[in-house]
Amino acid sequence: MTRSEVLIHQDGDVLAAAAAARLITRIADAQAARGSASVVLTGGRTGIGVLERVRRSPALDAVDWSSVDFYWGDERFLPDGDPERNETQARHALLDHIGVDPSRVHPMAPSDGKFGDDADAAAAHYAEVLATTSAAETDIAVPHFDVLMLGVGEEGHTASLFPDTPYVAERERTVVGVHDCPKPPPTRISLTLPAIRAAGEVWLMTTGKAKAEPIAAALAGAEPVDIPAAGATGRDRTLWLLDADAANTLP
Ligand SMILES: O=C1O[C@H](COP(=O)(O)O)[C@@H](O)[C@H](O)[C@H]1O
């Protein structure tokens, strides 16, 4: 497992700007090396704020956005276009404003799509989508993810893996339907920890005093079942991007 690196920014604005610059550079580097890049998006205030800053970046055109595959780490299982869906927010913040190739944007199904309100079927389908472009470098059936971004909840959840649930302990499946979530909406779809850990780089990004406790616990080595974010690591790099408030109880 990679050692976690922690970067503390003075506030959420600076964090979003720095993470946006980092994301553009990471994608441009991957495209220079392989001709394409693959990014896993997150929902939440910080993750969407980063996408807004990418949109406003003077370096926006350093990336060929038509050669980027976009996936999601989790989704709120709601009707298509619902403003609370992570997909809707990411589209408004960035994807609707750049020249993406629609066939390379891979959202998780909505609750009014072809799987109806069956989140488990929608999750199984997403696992198939991931498996079709599965990379050779791991034995997990997911694509090569250059960077996988995550938020962290006040109780330590990441993606839609909440503490003390069977979903955080999942070892076989790469994607799960998540039920009875403590944070609305109650039904979600999420990558599992094995799928997250297959990514090259994992970036956990969050802000605010309310996140300080779970972050300190995760970095002190909490069990993922207690603090799911503690189990989110990348193969090459695990980066915690925090503001000063979120980091205020770290040694
Ligand atoms: O519901 C969710 O929340 C988390 C954290 O969100 P934040 O607003 O506290 O930053 C997010 O990572 C996840 O993708 C989302 O579905």
# chains A, B, ... in the order shown; residues from 1 in each chain; ligands from 1
>>> residues_near_ligand(ligand="ligand 1", cutoff="6 Å", atoms="only C-alpha atoms and all ligand atoms", output="PyMOL selection string")
chain A and resi 42-46+74-76+150-153+158-160+206
>>> write_last_selection(atoms="N, CA and C atoms", output="tab-separated table (two decimals), in the first residue's frame")
chain	number	residue	atom	x	y	z
A	42	THR	N	-15.90	12.64	-8.62
A	42	THR	CA	-16.63	12.51	-7.36
A	42	THR	C	-17.72	13.58	-7.29
A	43	GLY	N	-18.71	13.32	-6.49
A	43	GLY	CA	-19.68	14.35	-6.16
A	43	GLY	C	-19.21	15.12	-4.94
A	44	GLY	N	-20.12	15.88	-4.35
A	44	GLY	CA	-19.79	16.64	-3.15
A	44	GLY	C	-19.28	18.03	-3.48
A	45	ARG	N	-19.33	18.90	-2.46
A	45	ARG	CA	-19.00	20.31	-2.68
A	45	ARG	C	-17.58	20.50	-3.19
A	46	THR	N	-16.63	19.81	-2.57
A	46	THR	CA	-15.24	20.05	-2.96
A	46	THR	C	-14.98	19.52	-4.37
A	74	ASP	N	-19.18	7.33	-7.41
A	74	ASP	CA	-20.47	6.99	-6.82
A	74	ASP	C	-21.55	7.86	-7.42
A	75	GLU	N	-22.76	7.45	-7.20
A	75	GLU	CA	-23.89	8.22	-7.72
A	75	GLU	C	-25.06	8.12	-6.76
A	76	ARG	N	-25.78	9.22	-6.69
A	76	ARG	CA	-27.03	9.24	-5.92
A	76	ARG	C	-28.11	8.71	-6.87
A	150	LEU	N	-12.08	11.58	-4.81
A	150	LEU	CA	-13.07	11.22	-3.80
A	150	LEU	C	-13.30	12.40	-2.86
A	151	GLY	N	-14.50	12.46	-2.30
A	151	GLY	CA	-14.76	13.35	-1.18
A	151	GLY	C	-14.76	12.52	0.10
A	152	VAL	N	-14.91	13.20	1.21
A	152	VAL	CA	-14.97	12.52	2.51
A	152	VAL	C	-16.14	13.12	3.29
A	153	GLY	N	-17.00	12.27	3.82
A	153	GLY	CA	-18.14	12.75	4.59
A	153	GLY	C	-17.80	12.95	6.07
A	158	THR	N	-16.67	7.59	2.09
A	158	THR	CA	-16.08	8.05	0.82
A	158	THR	C	-16.78	7.31	-0.29
A	159	ALA	N	-16.80	7.91	-1.50
A	159	ALA	CA	-17.73	7.45	-2.55
A	159	ALA	C	-19.09	7.32	-1.84
A	160	SER	N	-19.80	6.20	-1.99
A	160	SER	CA	-21.01	6.02	-1.16
A	160	SER	C	-20.83	4.80	-0.26
A	206	THR	N	-11.14	17.33	0.65
A	206	THR	CA	-12.24	17.82	1.47
A	206	THR	C	-11.83	19.05	2.27
>>> closest_atom_pairs(of="range 161-250 of chain A", to="range 121-135 of chain A", cutoff="9 Å", atoms="only C-alpha atoms", output="CSV")
residue,atom,partner,partner_atom,distance
A:Arg173,CA,A:Ala127,CA,7.7
A:Thr174,CA,A:Ala127,CA,6.0
A:Val175,CA,A:Ala123,CA,5.5
A:Val176,CA,A:Ala123,CA,5.2
A:Gly177,CA,A:Ala123,CA,5.4
A:Val178,CA,A:Ala123,CA,9.0
A:Ile189,CA,A:Ala123,CA,6.0
A:Ser190,CA,A:Ala123,CA,7.5
A:Leu191,CA,A:Ala127,CA,8.6
>>> atom_distance(atom1="CA of Ala246 in chain A", atom2="CA of Asp226 in chain A")
18.5 Å
>>> closest_residue(among="A:Lys183, A:Arg104, A:His92, A:Arg171", to="Glu155 in chain A", atoms="only C-alpha atoms")
A:Lys183
>>> closest_residue(among="A:Asp164, A:Asp64, A:Asp112, A:Asp243", to="Glu223 in chain A", atoms="only C-alpha atoms")
A:Asp164
>>> residues_around(residues="Ala199 in chain A", least_positions_apart="5", cutoff="9 Å", atoms="only C-alpha atoms", output="PyMOL selection string")
chain A and resi 40+142-148+233-237
>>> residues_around(residues="Leu7 in chain A", least_positions_apart="5", cutoff="10 Å", atoms="only C-alpha atoms", output="list in words")
Leu15, Met205, Leu239, Trp240, Leu241, Leu242, Asp243, Ala244 and Ala247 of chain A
>>> closest_residue(among="A:Gly116, A:Gly200, A:Pro107, A:Gly156", to="Ala230 in chain A", atoms="only C-alpha atoms")
A:Gly156
>>> select_by_dssp(residues="range 134-242 of chain A", states="helix (DSSP H, G or I)", output="number ranges by chain")
A: 166-169, 193-197, 209-219, 228-231
>>> write_last_selection(atoms="N, CA and C atoms", output="CSV table (one decimal), in the first residue's frame")
chain,number,residue,atom,x,y,z
A,166,PRO,N,-22.1,-3.5,5.1
A,166,PRO,CA,-21.5,-4.6,4.3
A,166,PRO,C,-20.8,-4.1,3.1
A,167,TYR,N,-21.2,-2.9,2.5
A,167,TYR,CA,-20.6,-2.4,1.3
A,167,TYR,C,-19.1,-2.1,1.4
A,168,VAL,N,-18.8,-1.6,2.5
A,168,VAL,CA,-17.4,-1.2,2.7
A,168,VAL,C,-16.5,-2.4,2.9
A,169,ALA,N,-17.1,-3.5,3.2
A,169,ALA,CA,-16.3,-4.8,3.4
A,169,ALA,C,-16.3,-5.6,2.1
A,193,LEU,N,-14.1,-0.7,-2.4
A,193,LEU,CA,-12.7,-0.4,-2.1
A,193,LEU,C,-11.8,-1.1,-3.1
A,194,PRO,N,-12.0,-2.4,-3.5
A,194,PRO,CA,-11.1,-3.1,-4.4
A,194,PRO,C,-11.0,-2.3,-5.7
A,195,ALA,N,-12.1,-1.8,-6.2
A,195,ALA,CA,-12.1,-1.0,-7.5
A,195,ALA,C,-11.4,0.3,-7.3
A,196,ILE,N,-11.6,1.0,-6.2
A,196,ILE,CA,-10.9,2.2,-5.9
A,196,ILE,C,-9.4,2.0,-5.8
A,197,ARG,N,-9.0,0.9,-5.2
A,197,ARG,CA,-7.6,0.6,-5.0
A,197,ARG,C,-6.8,0.2,-6.3
A,209,LYS,N,-14.1,22.2,9.1
A,209,LYS,CA,-13.8,21.6,10.5
A,209,LYS,C,-14.6,20.3,10.7
A,210,ALA,N,-15.8,20.2,10.1
A,210,ALA,CA,-16.6,19.0,10.3
A,210,ALA,C,-15.9,17.7,9.8
A,211,LYS,N,-14.9,17.9,9.0
A,211,LYS,CA,-14.2,16.7,8.4
A,211,LYS,C,-12.9,16.4,9.2
A,212,ALA,N,-12.6,17.2,10.1
A,212,ALA,CA,-11.3,17.1,10.8
A,212,ALA,C,-11.2,15.7,11.5
A,213,GLU,N,-12.2,15.4,12.2
A,213,GLU,CA,-12.1,14.2,13.0
A,213,GLU,C,-12.0,12.9,12.2
A,214,PRO,N,-12.8,12.7,11.2
A,214,PRO,CA,-12.6,11.5,10.4
A,214,PRO,C,-11.3,11.4,9.6
A,215,ILE,N,-10.8,12.6,9.2
A,215,ILE,CA,-9.6,12.7,8.5
A,215,ILE,C,-8.4,12.3,9.5
A,216,ALA,N,-8.4,12.8,10.7
A,216,ALA,CA,-7.4,12.4,11.6
A,216,ALA,C,-7.4,10.9,11.9
A,217,ALA,N,-8.6,10.4,12.0
A,217,ALA,CA,-8.8,9.0,12.3
A,217,ALA,C,-8.2,8.2,11.1
A,218,ALA,N,-8.6,8.6,9.9
A,218,ALA,CA,-8.2,7.8,8.7
A,218,ALA,C,-6.6,7.8,8.6
A,219,LEU,N,-6.0,9.0,8.9
A,219,LEU,CA,-4.6,9.1,8.7
A,219,LEU,C,-3.9,8.4,9.9
A,228,PRO,N,-14.5,4.6,6.3
A,228,PRO,CA,-14.2,4.0,4.9
A,228,PRO,C,-13.1,4.8,4.1
A,229,ALA,N,-13.0,6.1,4.3
A,229,ALA,CA,-12.0,6.8,3.6
A,229,ALA,C,-10.6,6.3,3.9
A,230,ALA,N,-10.4,5.7,5.1
A,230,ALA,CA,-9.1,5.1,5.4
A,230,ALA,C,-8.7,4.0,4.5
A,231,GLY,N,-9.7,3.4,3.8
A,231,GLY,CA,-9.4,2.2,2.9
A,231,GLY,C,-9.2,2.6,1.5
>>> atom_distance(atom1="CA of Glu170 in chain A", atom2="CA of Gln89 in chain A")
27.6 Å
>>> closest_residue(among="A:Pro224, A:Pro184, A:Pro163, A:Pro102", to="Val68 in chain A", atoms="only C-alpha atoms")
A:Pro102
>>> select_by_dssp(residues="range 21-215 of chain A", states="strand (DSSP E)", output="PyMOL selection string")
chain A and resi 37-41+68-72+74-76+147-150+175-178+188-191+201-206
>>> write_last_selection(atoms="C-alpha atoms", output="PDB file, in the first residue's frame")
ATOM      1  CA  ALA A  37      -6.554   9.557 -19.993  1.00  0.00           C
ATOM      2  CA  SER A  38      -9.110   8.123 -17.632  1.00  0.00           C
ATOM      3  CA  VAL A  39     -10.570  10.044 -14.707  1.00  0.00           C
ATOM      4  CA  VAL A  40     -13.017   9.047 -11.981  1.00  0.00           C
ATOM      5  CA  LEU A  41     -15.143  11.955 -10.793  1.00  0.00           C
ATOM      6  CA  VAL A  68     -10.584  11.569 -21.750  1.00  0.00           C
ATOM      7  CA  ASP A  69     -12.763   8.792 -20.343  1.00  0.00           C
ATOM      8  CA  PHE A  70     -14.919   9.985 -17.449  1.00  0.00           C
ATOM      9  CA  TYR A  71     -16.292   7.596 -14.842  1.00  0.00           C
ATOM     10  CA  TRP A  72     -17.942   8.197 -11.469  1.00  0.00           C
ATOM     11  CA  ASP A  74     -20.470   6.990  -6.818  1.00  0.00           C
ATOM     12  CA  GLU A  75     -23.885   8.220  -7.716  1.00  0.00           C
ATOM     13  CA  ARG A  76     -27.028   9.239  -5.921  1.00  0.00           C
ATOM     14  CA  VAL A 147      -6.761   9.528 -11.218  1.00  0.00           C
ATOM     15  CA  LEU A 148      -9.715   8.746  -9.009  1.00  0.00           C
ATOM     16  CA  MET A 149     -11.078  11.647  -6.988  1.00  0.00           C
ATOM     17  CA  LEU A 150     -13.074  11.220  -3.801  1.00  0.00           C
ATOM     18  CA  VAL A 175     -19.639  -1.786  -7.972  1.00  0.00           C
ATOM     19  CA  VAL A 176     -22.512  -2.129  -5.517  1.00  0.00           C
ATOM     20  CA  GLY A 177     -26.024  -0.816  -5.064  1.00  0.00           C
ATOM     21  CA  VAL A 178     -26.023   0.875  -1.659  1.00  0.00           C
ATOM     22  CA  ARG A 188     -26.889   5.028  -4.183  1.00  0.00           C
ATOM     23  CA  ILE A 189     -24.404   3.220  -6.424  1.00  0.00           C
ATOM     24  CA  SER A 190     -20.748   3.054  -5.477  1.00  0.00           C
ATOM     25  CA  LEU A 191     -17.392   1.684  -6.521  1.00  0.00           C
ATOM     26  CA  GLU A 201      -3.664   7.821  -8.062  1.00  0.00           C
ATOM     27  CA  VAL A 202      -6.387   8.349  -5.475  1.00  0.00           C
ATOM     28  CA  TRP A 203      -7.045  11.913  -4.335  1.00  0.00           C
ATOM     29  CA  LEU A 204      -9.192  12.466  -1.263  1.00  0.00           C
ATOM     30  CA  MET A 205     -10.299  16.084  -1.258  1.00  0.00           C
ATOM     31  CA  THR A 206     -12.236  17.816   1.472  1.00  0.00           C
TER      32      THR A 206
END
>>> atom_distance(atom1="CA of Thr138 in chain A", atom2="CA of Arg22 in chain A")
24.8 Å
>>> closest_atom_pairs(of="range 6-76 of chain A", to="range 94-101 of chain A", cutoff="9 Å", atoms="only C-alpha atoms", output="tab-separated table")
residue	atom	partner	partner_atom	distance
A:Ile48	CA	A:Leu94	CA	8.6
A:Leu51	CA	A:Leu94	CA	5.6
A:Glu52	CA	A:Leu94	CA	6.0
A:Arg53	CA	A:Leu94	CA	8.7
A:Val54	CA	A:Leu94	CA	7.3
A:Arg55	CA	A:Leu94	CA	5.5
A:Leu60	CA	A:Ile98	CA	8.8
A:Asp64	CA	A:Gly99	CA	8.1
A:Trp65	CA	A:Val100	CA	5.2
A:Ser66	CA	A:Val100	CA	4.4
A:Ser67	CA	A:Asp101	CA	7.1
A:Val68	CA	A:Val100	CA	7.3
A:Asp69	CA	A:Asp101	CA	8.3
>>> residues_around(residues="Thr25 in chain A", least_positions_apart="6", cutoff="9 Å", atoms="only C-alpha atoms", output="VMD selection string")
chain A and resid 59 62 to 63
